[in-house]
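Notes follow the structure.
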Amino acid sequence: MLLIHCPHCREAREEEEYSYRGEAHIVRPLAPESLSDEEWGDYLFFRSNPKGIHHEMWYHAVGCRRYFNVTRDTLTYEILESYLIGQQPAVTGATS
Amino acid sequence: MKKYSAFSLLKNALSYHENWQKVWRNPTPKSDYDVIVVGGGGHGLATAYYLAKVHGLTNIAVIEKGYLGGGNTARNTTIIRSNYLWDEAAQLYELSLKLWEGLSQELNYNVMFSQRGVLNLGHTLQDMRDIERRVNANRLNGIDGEVVSPQRVKEIAPLINISADSRYPILGASFQPRGGTARHDAVAWGYARGADALGVDLIQQTEVTGIRRQDGAVVGVETTKGFIGARKVACVTAGNSSVVAAMAGLRLPVESRPLQALVSEPVKPCLDTVVMSNAVHGYISQSDKGDLVIGAGVDSYNGYGQRGSFHIVEHTVQAICELFPAFSRVRMNRQWGGIVDTCPDACPIISKTSVDGLYFNCGWGTGGFKATPGSGYVFADTVANDRPHPLAAAFTLDRFNSGALIDEHGAAGVAH
Ligand SMILES: Cc1cc2nc3c(=O)[nH]c(=O)nc-3n(C[C@H](O)[C@H](O)[C@H](O)COP(=O)(O)OP(=O)(O)OC[C@H]3O[C@@H](n4cnc5c(N)ncnc54)[C@H](O)[C@@H]3O)c2cc1C
Ligand SMILES: [Zn+2]
C-alpha cells in the first residue's frame, strides 16, 4: 500500500484513493496528422518503463479529483516527491 | 542424457537414489556463440531447446542472472488454456496447448500437465454475451469449449455458491475441458535438461549488462562475467524486458507491473478444476499438494520490486470467499509477487528489432506460462530464420505503429 501525498489536498493519503495514470511528461503532439506512423505509435504506446526513478501521473479519484505528478523509485517503491502538473521534478536520476 | 523410466527409478533405488546423473552441466561460457538467449525462464529455455532440436543450432547459450526458472516461471499460478477471442491469439495459445499435451513424453520429464478443465464465470448479462461470443469464436478455431449453466458449474465444482442471493450471482460460464495446470518448475527443468543434452550451455548467476552493437548489428553481450560474442541475441526477460531493451537504445510498448498470488495451507482434495472470474477479480485451483492456489489482479502502477499492494490481495480474497464460502476458514500460508510485462493489447511481442540480430519475446504479461512451449517454438523459428514464424507474424513490434493491435483484454483480463 503506497502512501501518496496529494499536492492539491496537501495530505498523504492511501493508494486506494488514487488511480495511476502512467508515465508523466509525455507531451501530446500538437499536429497529430503530420506525424509518421512511427512517431504516433511511439507517442501512444512506447514507454521508458525504467527500473529506478520514474515520473508518473496520479489522479486523486476519491479526493480532490485532480491530477498531479509523483517521482517514485520503481524498485524500492519509495516516493520521493509530489509536484503539480506543469512543474518539473526536483528529483531526477539516471535510470538503472 | 540418461533416460528417466520405471527401470531407472528401480535401479537408482538400489543405491538409495544417491547416484542420479546431474540434470544439466554447469559450463563456463565460451568466447562466442551462434545464438545467446538472455533469460533462463521457461520461455527462454524452451526457445533454446527448439533452436537446438528443430533448427539444429547447438552453439547456443542461455544466460540467466539468477537461477533457471526463478523468475515468473517460479511465481505463477500455472493456469493453462487456449480460449482466447481473436484468431491470431487463439492459434498461438492452441499451438501451445497441443505441445503441452505431448510435453512430458517429448522431454522425458514429468511436467504434471493436468487437463482438469477451466471455468470462466459470467456474472452479468454482458459477461454471458461475451462468453458466448468467445466460445463460438473458439469453436470456429477448432478449440474446445462450451457455454454451461450455473447448475452445470455446480456439478463441476460442487463447493461453489451459485445462489441467486450472492452479491454477484453466477449466470453461467465457459468451460474448456482441455485446459488445466502443470508443474511450473518441472517445465523449466524439463526444457533445461533437454537443451543441455542437445549441447546448449546453461549459464546461471550471470547478468547481461549491455548489448554490444556494430554497424547496426548485434555482436554480443556484456555480462557480469565479461563480454560474450554472439551472431544473434534473443531476449526473453519478461518483466525486465524494457531494461534489457534500453541496453540497445530501444524502447518497448511494455510496462512492468507487480502481479500477486497466494496459497493456503494444504487441505484435502476439494476442487478438481480451475475457476476464474473476471468480474469479481480472482481465480483459484488446488495443487497436487492440496494447497489452494489463488491468483490476484495486477497492481495499477509500474514496479520492479517483486511485491505489490495489500489491498489487491484483500479484494481477491473477498472474491474467493464470495464464490466459495467454505474457503473463508482456510488459512493462507504464503503470498508473493512477480513482475509482469504488460502490453497495451494484452498480447505478446515476438519480434525482430531495428538492430540486426536482436530479437525480443516479451509482453506476455499476466498470462504467459500457458504459452511456454508455443512461445519457445515460434520464437526459435523466428530467430533461426530471421523472419517471423507464420503464427508469430501478427505479434511483431510493427503492430504498435500500424495500429493492428490484437485486443485480448476480454480473454486475458484478470484471467491468467
Ligand atoms: C503471480 C503470477 C501469476 C501468474 N499466473 C499465470 C497463470 O496462471 N497462467 C499463465 O499462463 N501465466 C501466469 N503468469 C504469467 C507468467 O508467469 C509469465 O508470463 C511467464 O512466466 C513469463 O515467462 P518467462 O519464462 O519468459 O519469465 P521468467 O521466468 O520471469 O524468465 C525471465 C528470466 O529472465 C531473467 N533476466 C532478466 N533480466 C536479465 C538480465 N539482464 N540478464 C540475464 N537474465 C535476466 C530473469 O532472472 C528471469 O529468470 C503469472 C505471473 C505471476 C507473477
Ligand atoms: Zn487531492
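Please note that chains go A, B, ... in the order of the C-alpha cells, that every chain numbers its residues from 1, and that ligands are numbered from 1 in the order shown.
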Please report as a PDB file with C-alpha atoms, in the first residue's frame which residues of chain B come no farther than 8 Å from chain A, using only C-alpha atoms.
```pdb
ATOM      1  CA  SER B 242      12.388  -2.710 -21.028  1.00  0.00           C
ATOM      2  CA  VAL B 243      15.620  -2.677 -19.021  1.00  0.00           C
ATOM      3  CA  ARG B 251      12.004   1.364 -26.047  1.00  0.00           C
ATOM      4  CA  LEU B 252       9.156  -1.140 -25.904  1.00  0.00           C
ATOM      5  CA  PRO B 253       5.372  -0.694 -25.608  1.00  0.00           C
ATOM      6  CA  VAL B 254       5.576  -2.559 -22.322  1.00  0.00           C
ATOM      7  CA  GLU B 255       5.063  -1.601 -18.690  1.00  0.00           C
ATOM      8  CA  SER B 256       6.292  -3.749 -15.808  1.00  0.00           C
ATOM      9  CA  SER B 300      -2.002  -0.416 -11.118  1.00  0.00           C
ATOM     10  CA  TYR B 301       1.500   1.074 -11.011  1.00  0.00           C
ATOM     11  CA  ASN B 302       4.843   0.260 -12.621  1.00  0.00           C
ATOM     12  CA  GLY B 303       7.177  -1.641 -10.335  1.00  0.00           C
ATOM     13  CA  TYR B 304      10.146  -3.969 -10.273  1.00  0.00           C
ATOM     14  CA  GLY B 305      10.062  -4.787  -6.545  1.00  0.00           C
ATOM     15  CA  GLY B 308       2.531  -5.454  -4.696  1.00  0.00           C
ATOM     16  CA  SER B 309      -0.048  -3.670  -2.583  1.00  0.00           C
ATOM     17  CA  PHE B 310      -2.057  -5.448   0.071  1.00  0.00           C
ATOM     18  CA  HIS B 311      -5.460  -4.159  -0.957  1.00  0.00           C
ATOM     19  CA  PRO B 344      -1.384  -2.301 -24.338  1.00  0.00           C
ATOM     20  CA  PHE B 400       2.068  -0.622 -32.488  1.00  0.00           C
ATOM     21  CA  ASN B 401       2.830   1.612 -35.456  1.00  0.00           C
ATOM     22  CA  SER B 402       0.327   0.165 -37.914  1.00  0.00           C
ATOM     23  CA  GLY B 403      -2.445   0.067 -35.322  1.00  0.00           C
TER      24      GLY B 403
END
```
Environment of ligand 2 within 10 Å, counting only C-alpha atoms and all ligand atoms, reported as a PyMOL selection string: chain A and resi 4-13+17-18+58-68
Residues within 7 Å of ligand 1, counting only C-alpha atoms and all ligand atoms, as JSON, numbers by chain: {"B": [38, 39, 40, 41, 42, 43, 44, 63, 64, 65, 66, 67, 68, 69, 70, 71, 72, 73, 74, 75, 76, 77, 78, 79, 80, 206, 207, 208, 209, 236, 237, 238, 239, 240, 241, 244, 258, 259, 260, 261, 295, 336, 337, 338, 339, 340, 362, 364, 365, 366, 367, 368, 369, 370, 371, 372, 416]}
In region 264-400 of chain B, DSSP helix (DSSP H, G or I) residues written as a PyMOL selection string: chain B and resi 310-323+325-329+365-367+369-385+390-395+399-400
Spatial neighbours of Ala230 (chain B), 6 Å, only C-alpha atoms, chain gap at least 3 places, as a PyMOL selection string: chain B and resi 32-35+219-220
Keeping C-alpha atoms, export the residues of the selection given above as a PDB file, in the first residue's frame.
```
ATOM      1  CA  ASP B  32      31.244 -16.694 -28.565  1.00  0.00           C
ATOM      2  CA  TYR B  33      28.038 -18.380 -29.679  1.00  0.00           C
ATOM      3  CA  ASP B  34      25.745 -18.501 -32.699  1.00  0.00           C
ATOM      4  CA  VAL B  35      22.793 -17.528 -30.511  1.00  0.00           C
ATOM      5  CA  VAL B 219      27.901  -8.595 -31.913  1.00  0.00           C
ATOM      6  CA  GLY B 220      27.486  -9.884 -28.378  1.00  0.00           C
TER       7      GLY B 220
END
```
DSSP strand (DSSP E) residues within region 113-353 of chain B, listed as a ChimeraX atom specification: /B:118-122,146-148,172-176,180-181,201-203,208-214,217-223,226-235,255-266,274-277,282-286,291-298,332-342,349-352
Contact residues around Asn69 (chain A) with only C-alpha atoms at 7 Å, ignoring same-chain residues under 2 positions, as a VMD selection string: chain A and resid 24 55 to 58 71 82 to 85
Nearest candidate to Val383 (chain B) (options B:Ala246, B:Val330, B:Val233, B:Ala188; using only C-alpha atoms):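 Of the candidates, the smallest distance to Val383 (chain B) is held by B:Val233.
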Exercise: region 137-151 of chain B partners within 8 Å, only C-alpha atoms, chain neighbours under 4 positions left out, as number ranges by chain: B: 82-87, 90-91, 94, 131-133, 155, 162, 170-178
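Distance-wise, CA of Asp299 (chain B) and CA of Val263 (chain B) end up 18.4 Å apart.
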